[in-house]
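K.L.:
I am sharing data-v9.pdb, which consists of PDB, C-alpha atoms, pLDDT in the B column:
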ATOM      1  CA  TYR A   1      12.681 -32.931  39.740  1.00 92.00           C
ATOM      2  CA  LEU A   2      11.318 -32.374  36.241  1.00 93.00           C
ATOM      3  CA  SER A   3      14.277 -33.858  34.356  1.00 91.00           C
ATOM      4  CA  ASP A   4      12.078 -35.590  31.777  1.00 91.00           C
ATOM      5  CA  TYR A   5      10.804 -32.164  30.646  1.00 93.00           C
ATOM      6  CA  THR A   6      12.746 -29.463  28.867  1.00 94.00           C
ATOM      7  CA  CYS A   7      12.837 -26.781  31.555  1.00 94.00           C
ATOM      8  CA  ILE A   8      14.097 -23.267  30.946  1.00 93.00           C
ATOM      9  CA  GLY A   9      14.511 -20.945  33.911  1.00 90.00           C
ATOM     10  CA  TYR A  10      14.406 -17.241  33.158  1.00 86.00           C
ATOM     11  CA  ASP A  11      15.574 -14.530  35.500  1.00 84.00           C
ATOM     12  CA  LEU A  12      12.765 -12.043  35.947  1.00 84.00           C
ATOM     13  CA  PRO A  13      13.391  -8.693  34.270  1.00 81.00           C
ATOM     14  CA  GLY A  14      15.814  -6.809  36.497  1.00 79.00           C
ATOM     15  CA  HIS A  15      16.706  -9.917  38.515  1.00 83.00           C
ATOM     16  CA  GLY A  16      19.976 -11.811  38.405  1.00 77.00           C
ATOM     17  CA  ARG A  17      21.799 -10.798  35.270  1.00 77.00           C
ATOM     18  CA  SER A  18      18.697  -9.941  33.240  1.00 82.00           C
ATOM     19  CA  PRO A  19      18.337  -6.296  32.305  1.00 83.00           C
ATOM     20  CA  PHE A  20      15.105  -4.562  33.103  1.00 86.00           C
ATOM     21  CA  HIS A  21      12.713  -4.356  30.193  1.00 84.00           C
ATOM     22  CA  PRO A  22       9.001  -3.621  30.594  1.00 84.00           C
ATOM     23  CA  ASN A  23       8.007  -5.848  27.672  1.00 84.00           C
ATOM     24  CA  PHE A  24       9.538  -9.085  26.567  1.00 83.00           C
ATOM     25  CA  LEU A  25       8.722 -12.021  24.353  1.00 88.00           C
ATOM     26  CA  ILE A  26       9.643 -15.643  24.982  1.00 92.00           C
ATOM     27  CA  ASP A  27      10.849 -17.022  21.670  1.00 93.00           C
ATOM     28  CA  ILE A  28       9.193 -20.442  21.971  1.00 95.00           C
ATOM     29  CA  PRO A  29       6.029 -21.144  19.953  1.00 96.00           C
ATOM     30  CA  ARG A  30       4.063 -22.907  22.733  1.00 97.00           C
ATOM     31  CA  PHE A  31       5.016 -23.842  26.273  1.00 97.00           C
ATOM     32  CA  HIS A  32       3.812 -24.490  29.818  1.00 96.00           C
ATOM     33  CA  LEU A  33       4.512 -21.506  32.044  1.00 96.00           C
ATOM     34  CA  VAL A  34       5.238 -21.702  35.780  1.00 97.00           C
ATOM     35  CA  GLY A  35       5.554 -18.559  37.884  1.00 96.00           C
ATOM     36  CA  TYR A  36       6.256 -17.868  41.537  1.00 96.00           C
ATOM     37  CA  SER A  37       5.149 -14.723  43.413  1.00 95.00           C
ATOM     38  CA  MET A  38       6.126 -11.691  41.280  1.00 93.00           C
ATOM     39  CA  GLY A  39       7.034 -14.146  38.523  1.00 93.00           C
ATOM     40  CA  GLY A  40       3.519 -15.555  38.769  1.00 95.00           C
ATOM     41  CA  ARG A  41       2.063 -12.084  38.347  1.00 94.00           C
ATOM     42  CA  ILE A  42       4.305 -11.495  35.341  1.00 93.00           C
ATOM     43  CA  ALA A  43       3.238 -14.915  33.979  1.00 95.00           C
ATOM     44  CA  LEU A  44      -0.436 -13.913  34.306  1.00 95.00           C
ATOM     45  CA  MET A  45       0.241 -10.729  32.357  1.00 93.00           C
ATOM     46  CA  TYR A  46       2.290 -12.626  29.772  1.00 95.00           C
ATOM     47  CA  ARG A  47      -0.519 -15.129  29.192  1.00 95.00           C
ATOM     48  CA  GLU A  48      -2.971 -12.261  28.821  1.00 94.00           C
ATOM     49  CA  LYS A  49      -0.790 -10.655  26.098  1.00 95.00           C
ATOM     50  CA  HIS A  50       0.285 -13.911  24.390  1.00 96.00           C
ATOM     51  CA  PRO A  51      -2.444 -16.530  25.021  1.00 96.00           C
ATOM     52  CA  HIS A  52      -1.548 -18.501  21.876  1.00 97.00           C
ATOM     53  CA  GLN A  53       1.887 -19.330  23.366  1.00 97.00           C
ATOM     54  CA  VAL A  54       0.852 -20.453  26.854  1.00 97.00           C
ATOM     55  CA  ALA A  55      -0.382 -24.053  26.824  1.00 96.00           C
ATOM     56  CA  SER A  56      -0.898 -24.023  30.608  1.00 95.00           C
ATOM     57  CA  LEU A  57      -0.120 -21.794  33.547  1.00 96.00           C
ATOM     58  CA  THR A  58       0.937 -23.019  36.984  1.00 97.00           C
ATOM     59  CA  LEU A  59       1.087 -20.375  39.691  1.00 97.00           C
ATOM     60  CA  LEU A  60       2.937 -20.651  42.984  1.00 98.00           C
ATOM     61  CA  SER A  61       2.187 -18.186  45.793  1.00 97.00           C
ATOM     62  CA  THR A  62       0.885 -15.562  43.359  1.00 96.00           C
ATOM     63  CA  HIS A  63      -1.266 -12.601  44.365  1.00 96.00           C
ATOM     64  CA  PRO A  64      -4.427 -12.358  42.228  1.00 95.00           C
ATOM     65  CA  GLY A  65      -4.497  -8.551  42.451  1.00 95.00           C
ATOM     66  CA  LEU A  66      -5.584  -5.844  44.843  1.00 96.00           C
ATOM     67  CA  GLN A  67      -9.247  -4.904  45.043  1.00 93.00           C
ATOM     68  CA  THR A  68      -9.382  -1.259  46.085  1.00 96.00           C
ATOM     69  CA  GLU A  69      -7.639   1.920  45.033  1.00 96.00           C
ATOM     70  CA  ASP A  70      -6.557   2.482  48.659  1.00 97.00           C
ATOM     71  CA  GLU A  71      -4.795  -0.913  48.640  1.00 97.00           C
ATOM     72  CA  LYS A  72      -3.077  -0.003  45.365  1.00 97.00           C
ATOM     73  CA  VAL A  73      -1.889   3.375  46.674  1.00 97.00           C
ATOM     74  CA  ALA A  74      -0.504   1.738  49.836  1.00 97.00           C
ATOM     75  CA  ARG A  75       1.256  -0.966  47.813  1.00 96.00           C
ATOM     76  CA  ARG A  76       2.768   1.573  45.398  1.00 96.00           C
ATOM     77  CA  LYS A  77       4.134   3.490  48.396  1.00 96.00           C
ATOM     78  CA  SER A  78       5.549   0.291  49.931  1.00 96.00           C
ATOM     79  CA  ASP A  79       7.177  -0.793  46.650  1.00 95.00           C
ATOM     80  CA  SER A  80       8.662   2.677  46.243  1.00 95.00           C
ATOM     81  CA  LEU A  81      10.204   2.448  49.728  1.00 96.00           C
ATOM     82  CA  TRP A  82      11.683  -0.979  48.928  1.00 95.00           C
ATOM     83  CA  ALA A  83      13.111   0.358  45.664  1.00 94.00           C
ATOM     84  CA  LYS A  84      14.634   3.293  47.569  1.00 95.00           C
ATOM     85  CA  ARG A  85      16.206   0.895  50.103  1.00 95.00           C
ATOM     86  CA  LEU A  86      17.933  -0.904  47.242  1.00 92.00           C
ATOM     87  CA  PHE A  87      19.941   2.247  46.562  1.00 93.00           C
ATOM     88  CA  GLU A  88      20.539   3.158  50.216  1.00 96.00           C
ATOM     89  CA  LEU A  89      21.506  -0.160  51.800  1.00 94.00           C
ATOM     90  CA  PRO A  90      24.280  -2.653  51.130  1.00 91.00           C
ATOM     91  CA  ILE A  91      22.733  -5.621  49.300  1.00 87.00           C
ATOM     92  CA  ASP A  92      23.230  -7.952  52.313  1.00 88.00           C
ATOM     93  CA  GLU A  93      21.289  -5.565  54.558  1.00 92.00           C
ATOM     94  CA  PHE A  94      18.556  -5.083  51.954  1.00 91.00           C
ATOM     95  CA  LEU A  95      18.157  -8.857  51.558  1.00 89.00           C
ATOM     96  CA  SER A  96      18.128  -9.345  55.321  1.00 90.00           C
ATOM     97  CA  GLN A  97      15.318  -6.789  55.695  1.00 93.00           C
ATOM     98  CA  TRP A  98      13.418  -8.212  52.708  1.00 92.00           C
ATOM     99  CA  TYR A  99      13.433 -11.765  54.081  1.00 91.00           C
ATOM    100  CA  ASP A 100      12.602 -10.572  57.605  1.00 92.00           C
ATOM    101  CA  GLN A 101       9.102  -9.715  56.383  1.00 93.00           C
ATOM    102  CA  PRO A 102       6.340 -11.886  57.903  1.00 92.00           C
ATOM    103  CA  LEU A 103       5.632 -13.382  54.465  1.00 92.00           C
ATOM    104  CA  PHE A 104       8.973 -15.228  54.552  1.00 92.00           C
ATOM    105  CA  GLN A 105       8.769 -16.343  58.188  1.00 87.00           C
ATOM    106  CA  GLY A 106      10.833 -19.469  58.722  1.00 82.00           C
ATOM    107  CA  TYR A 107      12.596 -19.348  55.342  1.00 85.00           C
ATOM    108  CA  LYS A 108      16.338 -18.695  55.296  1.00 81.00           C
ATOM    109  CA  PRO A 109      17.565 -17.983  51.763  1.00 82.00           C
ATOM    110  CA  ASN A 110      21.020 -18.300  50.316  1.00 79.00           C
ATOM    111  CA  PHE A 111      21.932 -14.665  49.712  1.00 77.00           C
ATOM    112  CA  GLU A 112      24.867 -15.534  47.442  1.00 79.00           C
ATOM    113  CA  MET A 113      22.763 -16.088  44.322  1.00 72.00           C
ATOM    114  CA  ARG A 114      20.691 -12.996  45.111  1.00 73.00           C
ATOM    115  CA  LYS A 115      23.755 -10.735  45.311  1.00 74.00           C
ATOM    116  CA  ASN A 116      24.046 -10.767  41.510  1.00 74.00           C
ATOM    117  CA  HIS A 117      21.090  -8.434  41.052  1.00 79.00           C
ATOM    118  CA  ASN A 118      21.608  -5.219  39.139  1.00 83.00           C
ATOM    119  CA  ILE A 119      20.323  -2.682  41.674  1.00 87.00           C
ATOM    120  CA  GLU A 120      18.982  -0.149  39.142  1.00 89.00           C
ATOM    121  CA  ALA A 121      17.260  -2.854  37.098  1.00 88.00           C
ATOM    122  CA  LEU A 122      15.782  -4.523  40.189  1.00 88.00           C
ATOM    123  CA  ALA A 123      14.395  -1.214  41.460  1.00 91.00           C
ATOM    124  CA  ALA A 124      12.849  -0.559  38.038  1.00 92.00           C
ATOM    125  CA  SER A 125      11.320  -4.049  38.103  1.00 90.00           C
ATOM    126  CA  PHE A 126       9.866  -3.483  41.598  1.00 87.00           C
ATOM    127  CA  MET A 127       8.119  -0.386  40.395  1.00 93.00           C
ATOM    128  CA  HIS A 128       7.057  -1.473  36.904  1.00 93.00           C
ATOM    129  CA  PHE A 129       5.718  -4.858  38.001  1.00 93.00           C
ATOM    130  CA  SER A 130       4.259  -3.551  41.255  1.00 94.00           C
ATOM    131  CA  LEU A 131       1.136  -5.324  42.423  1.00 95.00           C
ATOM    132  CA  SER A 132      -0.393  -1.846  42.560  1.00 95.00           C
ATOM    133  CA  TYR A 133      -0.596  -1.750  38.732  1.00 94.00           C
ATOM    134  CA  GLN A 134      -1.956  -5.260  38.230  1.00 92.00           C
ATOM    135  CA  HIS A 135      -5.630  -5.794  37.653  1.00 91.00           C
ATOM    136  CA  ARG A 136      -7.385  -8.623  39.475  1.00 92.00           C
ATOM    137  CA  PHE A 137      -7.191 -12.127  38.002  1.00 92.00           C
ATOM    138  CA  GLU A 138      -9.272 -15.184  38.855  1.00 89.00           C
ATOM    139  CA  ILE A 139      -6.846 -17.888  39.955  1.00 89.00           C
ATOM    140  CA  GLU A 140      -7.872 -21.495  40.564  1.00 87.00           C
ATOM    141  CA  GLY A 141      -5.584 -24.255  41.767  1.00 91.00           C
ATOM    142  CA  MET A 142      -2.637 -22.111  42.826  1.00 96.00           C
ATOM    143  CA  LEU A 143       0.116 -23.929  44.739  1.00 97.00           C
ATOM    144  CA  VAL A 144       0.377 -22.416  48.219  1.00 97.00           C
ATOM    145  CA  GLY A 145       2.466 -23.374  51.231  1.00 96.00           C
ATOM    146  CA  GLN A 146       0.694 -24.877  54.226  1.00 96.00           C
ATOM    147  CA  HIS A 147       2.077 -22.130  56.487  1.00 96.00           C
ATOM    148  CA  ASP A 148       1.477 -19.216  54.082  1.00 95.00           C
ATOM    149  CA  ALA A 149      -1.634 -17.822  55.782  1.00 94.00           C
ATOM    150  CA  LYS A 150      -1.768 -14.702  53.612  1.00 94.00           C
ATOM    151  CA  PHE A 151      -1.860 -16.590  50.307  1.00 95.00           C
ATOM    152  CA  LEU A 152      -4.073 -19.384  51.617  1.00 95.00           C
ATOM    153  CA  ALA A 153      -6.641 -16.665  52.337  1.00 94.00           C
ATOM    154  CA  LEU A 154      -6.210 -15.159  48.848  1.00 93.00           C
ATOM    155  CA  ALA A 155      -6.451 -18.398  46.866  1.00 90.00           C
ATOM    156  CA  PRO A 156      -9.764 -20.056  46.081  1.00 89.00           C
ATOM    157  CA  ASN A 157      -9.283 -23.839  46.039  1.00 92.00           C
ATOM    158  CA  PRO A 158      -5.498 -23.835  46.529  1.00 96.00           C
ATOM    159  CA  ILE A 159      -3.307 -26.876  46.176  1.00 96.00           C
ATOM    160  CA  VAL A 160      -1.608 -26.884  49.566  1.00 97.00           C
ATOM    161  CA  ILE A 161       2.079 -27.805  49.671  1.00 97.00           C
ATOM    162  CA  ALA A 162       2.886 -29.428  53.019  1.00 96.00           C
ATOM    163  CA  GLY A 163       5.502 -28.186  55.438  1.00 94.00           C
ATOM    164  CA  CYS A 164       6.357 -24.877  53.827  1.00 94.00           C
ATOM    165  CA  GLY A 165       5.508 -21.207  53.656  1.00 95.00           C
ATOM    166  CA  HIS A 166       5.598 -18.715  50.798  1.00 96.00           C
ATOM    167  CA  CYS A 167       8.693 -20.087  48.978  1.00 94.00           C
ATOM    168  CA  VAL A 168       7.064 -23.395  48.060  1.00 96.00           C
ATOM    169  CA  HIS A 169       9.403 -24.157  45.157  1.00 95.00           C
ATOM    170  CA  LEU A 170      12.465 -23.825  47.395  1.00 93.00           C
ATOM    171  CA  GLU A 171      11.029 -25.314  50.588  1.00 94.00           C
ATOM    172  CA  ASN A 172       9.391 -28.406  49.041  1.00 96.00           C
ATOM    173  CA  PRO A 173      10.577 -28.682  45.421  1.00 96.00           C
ATOM    174  CA  GLN A 174       9.685 -32.382  45.092  1.00 97.00           C
ATOM    175  CA  GLU A 175       6.029 -31.803  45.944  1.00 97.00           C
ATOM    176  CA  VAL A 176       5.853 -28.736  43.681  1.00 97.00           C
ATOM    177  CA  ALA A 177       7.295 -30.811  40.821  1.00 97.00           C
ATOM    178  CA  LEU A 178       4.766 -33.573  41.522  1.00 96.00           C
ATOM    179  CA  GLN A 179       1.909 -31.058  41.346  1.00 97.00           C
ATOM    180  CA  ILE A 180       3.258 -29.591  38.097  1.00 96.00           C
ATOM    181  CA  ARG A 181       3.441 -33.125  36.644  1.00 95.00           C
ATOM    182  CA  ARG A 182      -0.157 -33.794  37.682  1.00 94.00           C
ATOM    183  CA  LYS A 183      -1.294 -30.590  36.010  1.00 92.00           C
ATOM    184  CA  LEU A 184       0.582 -31.304  32.785  1.00 91.00           C
ATOM    185  CA  SER A 185      -0.729 -34.863  32.575  1.00 88.00           C
ATOM    186  CA  SER A 186      -4.386 -33.892  33.100  1.00 81.00           C
TER     187      SER A 186
END
Rewrite the coordinates I just gave you, this time as structure tokens.
P.N.:
Amino acid sequence: YLSDYTCIGYDLPGHGRSPFHPNFLIDIPRFHLVGYSMGGRIALMYREKHPHQVASLTLLSTHPGLQTEDEKVARRKSDSLWAKRLFELPIDEFLSQWYDQPLFQGYKPNFEMRKNHNIEALAASFMHFSLSYQHRFEIEGMLVGQHDAKFLALAPNPIVIAGCGHCVHLENPQEVALQIRRKLSS
């Protein structure tokens, strides 16, 4: 839906076929960056480290950061349990449990493309990029699904994407593309 733009999709570190690496550099002098969920958090951190490269940042369903140390400790524990499950469960069972979380209510993913994850690298990514280590960012104009109550409550002045939950880019890709176009043209 953005065919008139040069779009490059990166696997997150430790996702798909990408190895885990805690630091990375995108070898493009200046670009518009779009990030979803954990990818949005990584995009926020990338922009903070390399502001000269990021012409604009569009965030989809991205957590701005936890506020208290108790929240961070609880999240670190939760992420550690998810990382442990990666090693203990067959990937189909892990994915089934992951997408059974209330956050993904109503969304049924295609597990086939998600089966390519490198388990060790994905577990390392869960822990390294845990929300528990992120500081709080101010986020304006985040794209959030109409039925994503958690992120609607977290986002000041969200751009609401109709008819979808947390996975806005997969549930309503045309509207997400339209909103990205609007941002890039303003």
K.L.:
Leaving out Ala153 (chain A) and any residue of its chain fewer than 6 positions from it, which residues lie within 12 Å of it when counting only C-alpha atoms, given as a list in words?
P.N.:
Ser61, Thr62, His63, Pro64, Met142, Val144, Gly145, Gln146, His147 and Val160 of chain A
K.L.:
Since I can't run it myself right now, could you work out what the PyMOL selection byres ((chain A and resi 30) around 9) selects here and report it as a PyMOL selection string?
P.N.:
chain A and resi 28-29+31-32+52-55
K.L.:
Can you work out which one of A:Phe137, A:Ile119, A:Lys84, A:His166 has the shortest atom-to-atom distance to Gln101 (chain A), counting all atoms listed in the file?
P.N.:
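Result for the nearest residue to Gln101 (chain A): A:His166.
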K.L.:
How would you write, as a compact mmCIF listing (two decimals) with C-alpha atoms, in the coordinates of the input, the residues chosen by the PyMOL selection byres ((chain A and resi 59) around 6) on this structure?
P.N.:
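Now in selection_35.txt:
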# COMPACT_ATOMS: atom_id res chain seq x y z
CA VAL A 34 5.24 -21.70 35.78
CA GLY A 35 5.55 -18.56 37.88
CA GLY A 40 3.52 -15.56 38.77
CA THR A 58 0.94 -23.02 36.98
CA LEU A 60 2.94 -20.65 42.98
CA MET A 142 -2.64 -22.11 42.83
K.L.:
I want to know what sits within 12 Å of Leu143 (chain A), based on only C-alpha atoms, with residues of the same chain fewer than 4 positions away left out; could you give that as a PDB file with C-alpha atoms, in the frame of the given file?
P.N.:
ATOM      1  CA  VAL A  34       5.238 -21.702  35.780  1.00 97.00           C
ATOM      2  CA  GLY A  35       5.554 -18.559  37.884  1.00 96.00           C
ATOM      3  CA  TYR A  36       6.256 -17.868  41.537  1.00 96.00           C
ATOM      4  CA  SER A  37       5.149 -14.723  43.413  1.00 95.00           C
ATOM      5  CA  GLY A  40       3.519 -15.555  38.769  1.00 95.00           C
ATOM      6  CA  LEU A  57      -0.120 -21.794  33.547  1.00 96.00           C
ATOM      7  CA  THR A  58       0.937 -23.019  36.984  1.00 97.00           C
ATOM      8  CA  LEU A  59       1.087 -20.375  39.691  1.00 97.00           C
ATOM      9  CA  LEU A  60       2.937 -20.651  42.984  1.00 98.00           C
ATOM     10  CA  SER A  61       2.187 -18.186  45.793  1.00 97.00           C
ATOM     11  CA  THR A  62       0.885 -15.562  43.359  1.00 96.00           C
ATOM     12  CA  HIS A  63      -1.266 -12.601  44.365  1.00 96.00           C
ATOM     13  CA  ILE A 139      -6.846 -17.888  39.955  1.00 89.00           C
ATOM     14  CA  ASP A 148       1.477 -19.216  54.082  1.00 95.00           C
ATOM     15  CA  PHE A 151      -1.860 -16.590  50.307  1.00 95.00           C
ATOM     16  CA  LEU A 152      -4.073 -19.384  51.617  1.00 95.00           C
ATOM     17  CA  LEU A 154      -6.210 -15.159  48.848  1.00 93.00           C
ATOM     18  CA  ALA A 155      -6.451 -18.398  46.866  1.00 90.00           C
ATOM     19  CA  PRO A 156      -9.764 -20.056  46.081  1.00 89.00           C
ATOM     20  CA  ASN A 157      -9.283 -23.839  46.039  1.00 92.00           C
ATOM     21  CA  PRO A 158      -5.498 -23.835  46.529  1.00 96.00           C
ATOM     22  CA  ILE A 159      -3.307 -26.876  46.176  1.00 96.00           C
ATOM     23  CA  VAL A 160      -1.608 -26.884  49.566  1.00 97.00           C
ATOM     24  CA  ILE A 161       2.079 -27.805  49.671  1.00 97.00           C
ATOM     25  CA  ALA A 162       2.886 -29.428  53.019  1.00 96.00           C
ATOM     26  CA  CYS A 164       6.357 -24.877  53.827  1.00 94.00           C
ATOM     27  CA  GLY A 165       5.508 -21.207  53.656  1.00 95.00           C
ATOM     28  CA  HIS A 166       5.598 -18.715  50.798  1.00 96.00           C
ATOM     29  CA  CYS A 167       8.693 -20.087  48.978  1.00 94.00           C
ATOM     30  CA  VAL A 168       7.064 -23.395  48.060  1.00 96.00           C
ATOM     31  CA  HIS A 169       9.403 -24.157  45.157  1.00 95.00           C
ATOM     32  CA  ASN A 172       9.391 -28.406  49.041  1.00 96.00           C
ATOM     33  CA  PRO A 173      10.577 -28.682  45.421  1.00 96.00           C
ATOM     34  CA  GLU A 175       6.029 -31.803  45.944  1.00 97.00           C
ATOM     35  CA  VAL A 176       5.853 -28.736  43.681  1.00 97.00           C
ATOM     36  CA  ALA A 177       7.295 -30.811  40.821  1.00 97.00           C
ATOM     37  CA  LEU A 178       4.766 -33.573  41.522  1.00 96.00           C
ATOM     38  CA  GLN A 179       1.909 -31.058  41.346  1.00 97.00           C
ATOM     39  CA  ILE A 180       3.258 -29.591  38.097  1.00 96.00           C
ATOM     40  CA  LYS A 183      -1.294 -30.590  36.010  1.00 92.00           C
TER      41      LYS A 183
END
K.L.:
Using only C-alpha atoms, pick whichever of A:Glu140, A:Thr6, A:Ser185, A:His135 has the shortest atom-to-atom distance to Lys72 (chain A).
P.N.:
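Checking each of A:Glu140, A:Thr6, A:Ser185, A:His135 against Lys72 (chain A), counting only C-alpha atoms, the winner is A:His135.
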K.L.:
When you count all atoms listed in the file, which of these residues is closest to Glu138 (chain A): A:Leu33, A:Leu81, A:Tyr5, A:Leu44?
P.N.:
A:Leu44
K.L.:
Which is closer to Gly141 (chain A) than all the others in A:His15, A:Arg75, A:Glu88, A:Arg182, using only C-alpha atoms?
P.N.:
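So, comparing all the options, the nearest one is A:Arg182.
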K.L.:
Record the distance separating CA of Tyr133 (chain A) and CA of Arg17 (chain A), expressed in Å with one decimal.
P.N.:
24.4 Å
K.L.:
As an exercise, work out the distance from CA of Leu86 (chain A) to CA of Phe104 (chain A) in Å and give it to one decimal place.
P.N.:
18.4 Å
K.L.:
Considering only C-alpha atoms, can you say which of A:Ile91, A:Leu103, A:Leu25, A:Val73 comes closest to Pro13 (chain A)?
P.N.:
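Closest candidate: A:Leu25.
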K.L.:
Which residue gives the smallest distance to Lys77 (chain A) among A:Leu131, A:Tyr10, A:Asn23, A:Lys150, with all atoms listed in the file counted?
P.N.:
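Residue with the minimum atom-to-atom distance to Lys77 (chain A): A:Leu131.
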K.L.:
Using Å and a single decimal, report how far CA of Leu66 (chain A) sits from CA of Arg136 (chain A).
P.N.:
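CA of Leu66 (chain A) lies at a distance of 6.3 Å from CA of Arg136 (chain A).
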K.L.:
Write out as a ChimeraX atom specification which residues come within 9 Å of Lys115 (chain A) when counting all atoms listed in the file, dropping same-chain ones fewer than 6 positions away.
P.N.:
/A:16,91-92,95
K.L.:
Can you pull out the residues contacting Pro19 (chain A)? Cut-off 12 Å, using only C-alpha atoms, and skip same-chain residues under 5 positions away; I want them as number ranges by chain.
P.N.:
A: 10-14, 24, 116-125
K.L.:
Could you write out as AutoDock Vina command-line options the box around region 164-168 of chain A (axis-aligned, all atoms listed in the file, 6 Å on each side), with centre and edge lengths in Å to one decimal?
P.N.:
--center_x 7.1 --center_y -21.8 --center_z 50.9 --size_x 15.2 --size_y 18.2 --size_z 17.8
